[in-house]
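Written below as structure tokens is the structure these notes are about.
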Amino acid sequence: MGLDMYMLGRKYVGGSLQDWPEKPKFVQDGFPVEKVELELGYWRKHRKLHGYIVNTFANGVDECQEIPLEAPDLRNIANAVREKNLPYTEGFFFGNDEFDKGEEERREEHAQVLEHAAEWLDSGDWKRTVYYRASW
């Protein structure tokens, strides 16, 4: 058990039952595909990053809910990571100071993941969304 953190992208590809009897663009197992989900980022027990996202974009509500993020939000998070501007965050399954040491070494890598997600979001049209979701 522990804090697993996902940043997921949804790309709407336009298949729906309303497209029948015409053949929709994407079909899986004989059914139209409305959207695909992409794993844009994953972290394990990066409690400070989790705290920043929950406090800044979900008004402190931490119920493993989907938290929608826009491209400017993702860039703000990347800057907070780079500038070490993440709050101390505690939780029963969130890890300890040893995990924080590992995150420090990978700070730029984490910021780049967030920047890449912002670029992906900007490169599409209204059919792309990004959200953050944690699980523990």
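Labeling convention for the structure tokens: chains A, B, ... as they appear, residues from 1 per chain, ligands from 1 in order of appearance.
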
If you count only C-alpha atoms, which residues fall within 8 Å of A:Leu8, apart from same-chain ones fewer than 4 positions away, as a PyMOL selection string? chain A and resi 37-41+130-133

Can you spit out the residues from that selection as a tab-separated table (two decimals), in the first residue's frame, using N, CA, C and O atoms?
chain	number	residue	atom	x	y	z
A	37	GLU	N	-7.30	6.75	-22.94
A	37	GLU	CA	-6.66	7.34	-21.77
A	37	GLU	C	-5.16	7.04	-21.83
A	37	GLU	O	-4.76	5.91	-22.07
A	38	LEU	N	-4.37	8.06	-21.62
A	38	LEU	CA	-2.92	7.97	-21.69
A	38	LEU	C	-2.32	8.24	-20.32
A	38	LEU	O	-2.76	9.16	-19.62
A	39	GLU	N	-1.33	7.47	-19.94
A	39	GLU	CA	-0.62	7.73	-18.69
A	39	GLU	C	0.50	8.73	-18.98
A	39	GLU	O	1.53	8.39	-19.55
A	40	LEU	N	0.27	9.98	-18.61
A	40	LEU	CA	1.23	11.05	-18.88
A	40	LEU	C	2.28	11.17	-17.79
A	40	LEU	O	3.36	11.71	-18.01
A	41	GLY	N	1.96	10.69	-16.60
A	41	GLY	CA	2.91	10.75	-15.50
A	41	GLY	C	2.49	9.81	-14.38
A	41	GLY	O	1.29	9.53	-14.22
A	130	VAL	N	-6.59	16.70	-19.20
A	130	VAL	CA	-5.63	16.11	-18.29
A	130	VAL	C	-6.21	16.19	-16.89
A	130	VAL	O	-6.82	17.19	-16.52
A	131	TYR	N	-5.99	15.13	-16.13
A	131	TYR	CA	-6.39	15.16	-14.73
A	131	TYR	C	-5.41	14.37	-13.89
A	131	TYR	O	-4.69	13.51	-14.38
A	132	TYR	N	-5.41	14.70	-12.62
A	132	TYR	CA	-4.58	14.04	-11.62
A	132	TYR	C	-5.48	13.22	-10.72
A	132	TYR	O	-6.58	13.65	-10.37
A	133	ARG	N	-5.01	12.04	-10.34
A	133	ARG	CA	-5.76	11.20	-9.41
A	133	ARG	C	-4.77	10.41	-8.57
A	133	ARG	O	-3.79	9.86	-9.10

As a PyMOL selection string, please: every residue in chain A that DSSP puts in strand (DSSP E). chain A and resi 4-12+27-28+31-32+35-44+67-69+128-135

Those residues with N, CA, C and O atoms, as a CSV table (one decimal), in the first residue's frame please?
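Result went into selection.csv, see below:
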chain,number,residue,atom,x,y,z
A,4,ASP,N,0.0,6.2,-4.6
A,4,ASP,CA,0.2,6.1,-6.1
A,4,ASP,C,-0.4,7.3,-6.7
A,4,ASP,O,-1.6,7.6,-6.4
A,5,MET,N,0.3,7.9,-7.6
A,5,MET,CA,-0.2,9.2,-8.2
A,5,MET,C,-0.1,9.1,-9.7
A,5,MET,O,0.9,8.8,-10.3
A,6,TYR,N,-1.2,9.4,-10.3
A,6,TYR,CA,-1.4,9.3,-11.8
A,6,TYR,C,-1.8,10.7,-12.4
A,6,TYR,O,-2.7,11.3,-11.9
A,7,MET,N,-1.1,11.0,-13.5
A,7,MET,CA,-1.5,12.1,-14.3
A,7,MET,C,-1.9,11.5,-15.6
A,7,MET,O,-1.1,10.9,-16.3
A,8,LEU,N,-3.2,11.6,-15.9
A,8,LEU,CA,-3.8,10.9,-17.1
A,8,LEU,C,-4.3,11.9,-18.1
A,8,LEU,O,-4.8,13.0,-17.7
A,9,GLY,N,-4.1,11.6,-19.3
A,9,GLY,CA,-4.7,12.4,-20.4
A,9,GLY,C,-5.8,11.6,-21.1
A,9,GLY,O,-5.7,10.4,-21.3
A,10,ARG,N,-6.8,12.3,-21.4
A,10,ARG,CA,-7.9,11.7,-22.2
A,10,ARG,C,-8.0,12.4,-23.5
A,10,ARG,O,-8.0,13.6,-23.6
A,11,LYS,N,-8.0,11.6,-24.5
A,11,LYS,CA,-8.2,12.1,-25.9
A,11,LYS,C,-9.5,11.5,-26.4
A,11,LYS,O,-9.6,10.3,-26.5
A,12,TYR,N,-10.4,12.4,-26.8
A,12,TYR,CA,-11.7,12.0,-27.3
A,12,TYR,C,-11.5,11.7,-28.8
A,12,TYR,O,-11.2,12.6,-29.5
A,27,VAL,N,-12.9,1.3,-33.1
A,27,VAL,CA,-13.7,0.2,-32.6
A,27,VAL,C,-12.8,-0.7,-31.8
A,27,VAL,O,-11.7,-1.0,-32.2
A,28,GLN,N,-13.3,-1.1,-30.6
A,28,GLN,CA,-12.5,-2.1,-29.8
A,28,GLN,C,-13.5,-3.2,-29.3
A,28,GLN,O,-14.6,-2.8,-28.8
A,31,PHE,N,-17.1,-2.6,-30.3
A,31,PHE,CA,-17.9,-1.4,-29.8
A,31,PHE,C,-17.1,-0.1,-30.1
A,31,PHE,O,-15.9,-0.1,-30.2
A,32,PRO,N,-17.8,1.0,-30.3
A,32,PRO,CA,-17.1,2.2,-30.6
A,32,PRO,C,-16.3,2.7,-29.4
A,32,PRO,O,-16.8,2.5,-28.3
A,35,LYS,N,-13.2,7.5,-26.2
A,35,LYS,CA,-12.0,8.2,-25.8
A,35,LYS,C,-10.9,7.2,-25.4
A,35,LYS,O,-11.2,6.0,-25.1
A,36,VAL,N,-9.7,7.6,-25.5
A,36,VAL,CA,-8.5,6.8,-25.0
A,36,VAL,C,-7.9,7.5,-23.8
A,36,VAL,O,-7.9,8.7,-23.8
A,37,GLU,N,-7.3,6.7,-22.9
A,37,GLU,CA,-6.7,7.3,-21.8
A,37,GLU,C,-5.2,7.0,-21.8
A,37,GLU,O,-4.8,5.9,-22.1
A,38,LEU,N,-4.4,8.1,-21.6
A,38,LEU,CA,-2.9,8.0,-21.7
A,38,LEU,C,-2.3,8.2,-20.3
A,38,LEU,O,-2.8,9.2,-19.6
A,39,GLU,N,-1.3,7.5,-19.9
A,39,GLU,CA,-0.6,7.7,-18.7
A,39,GLU,C,0.5,8.7,-19.0
A,39,GLU,O,1.5,8.4,-19.5
A,40,LEU,N,0.3,10.0,-18.6
A,40,LEU,CA,1.2,11.1,-18.9
A,40,LEU,C,2.3,11.2,-17.8
A,40,LEU,O,3.4,11.7,-18.0
A,41,GLY,N,2.0,10.7,-16.6
A,41,GLY,CA,2.9,10.7,-15.5
A,41,GLY,C,2.5,9.8,-14.4
A,41,GLY,O,1.3,9.5,-14.2
A,42,TYR,N,3.5,9.3,-13.7
A,42,TYR,CA,3.2,8.5,-12.5
A,42,TYR,C,4.3,8.7,-11.5
A,42,TYR,O,5.5,8.8,-11.8
A,43,TRP,N,3.8,8.9,-10.2
A,43,TRP,CA,4.8,9.0,-9.1
A,43,TRP,C,4.3,8.1,-8.0
A,43,TRP,O,3.2,7.8,-7.8
A,44,ARG,N,5.3,7.7,-7.2
A,44,ARG,CA,5.0,6.8,-6.0
A,44,ARG,C,5.5,7.6,-4.8
A,44,ARG,O,6.6,7.9,-4.6
A,67,ILE,N,-8.8,15.3,-10.4
A,67,ILE,CA,-8.5,16.8,-10.3
A,67,ILE,C,-8.1,17.3,-11.7
A,67,ILE,O,-7.0,17.0,-12.2
A,68,PRO,N,-9.0,18.0,-12.4
A,68,PRO,CA,-8.7,18.5,-13.7
A,68,PRO,C,-7.6,19.5,-13.7
A,68,PRO,O,-7.6,20.4,-12.8
A,69,LEU,N,-6.7,19.4,-14.7
A,69,LEU,CA,-5.6,20.4,-14.8
A,69,LEU,C,-5.5,20.9,-16.2
A,69,LEU,O,-5.6,20.2,-17.2
A,128,ARG,N,-8.9,17.1,-25.8
A,128,ARG,CA,-7.9,16.6,-24.9
A,128,ARG,C,-8.1,17.2,-23.5
A,128,ARG,O,-8.4,18.4,-23.4
A,129,THR,N,-8.0,16.3,-22.5
A,129,THR,CA,-8.1,16.8,-21.1
A,129,THR,C,-7.0,16.1,-20.3
A,129,THR,O,-6.5,15.0,-20.7
A,130,VAL,N,-6.6,16.7,-19.2
A,130,VAL,CA,-5.6,16.1,-18.3
A,130,VAL,C,-6.2,16.2,-16.9
A,130,VAL,O,-6.8,17.2,-16.5
A,131,TYR,N,-6.0,15.1,-16.1
A,131,TYR,CA,-6.4,15.2,-14.7
A,131,TYR,C,-5.4,14.4,-13.9
A,131,TYR,O,-4.7,13.5,-14.4
A,132,TYR,N,-5.4,14.7,-12.6
A,132,TYR,CA,-4.6,14.0,-11.6
A,132,TYR,C,-5.5,13.2,-10.7
A,132,TYR,O,-6.6,13.6,-10.4
A,133,ARG,N,-5.0,12.0,-10.3
A,133,ARG,CA,-5.8,11.2,-9.4
A,133,ARG,C,-4.8,10.4,-8.6
A,133,ARG,O,-3.8,9.9,-9.1
A,134,ALA,N,-5.0,10.4,-7.3
A,134,ALA,CA,-4.1,9.6,-6.4
A,134,ALA,C,-4.9,8.4,-5.8
A,134,ALA,O,-6.2,8.4,-5.8
A,135,SER,N,-4.2,7.4,-5.4
A,135,SER,CA,-4.8,6.2,-4.8
A,135,SER,C,-3.9,5.8,-3.7
A,135,SER,O,-2.7,5.8,-3.8

Residue with smallest distance to A:Glu66 - pool A:Val54, A:Trp120, A:Gly2, A:Glu115, counting only C-alpha atoms: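 Looking only at the distances to A:Glu66, the closest residue turns out to be A:Val54.
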
Please return as number ranges by chain: the residues of chain A that backbone DSSP assigns to alpha helix (DSSP H). A: 47-57, 71-82, 97-105, 107-123

Using atom CA of A:Arg75 and atom CA of A:His46 as the two end points, give the distance in Å to one decimal.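 That distance, rounded to one decimal, is 17.7 Å.
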
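Taking only C-alpha atoms into account, A:His50 lies nearest to A:Cys64 out of the set A:Val33, A:Ala117, A:Val13, A:Cys64.
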
Pairwise distance for atom CA of A:Asn76 and atom CA of A:Leu49, rounded to one decimal in Å: 11.8 Å

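Taking atom CA of A:Gly14 and atom CA of A:Asp122 as the two end points, the separation is 19.0 Å.
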
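Remark: for A:Lys45, the closest of the candidate residues A:Leu121, A:Glu105, A:Leu3, A:Val113 is A:Leu3 (distances computed over only C-alpha atoms).
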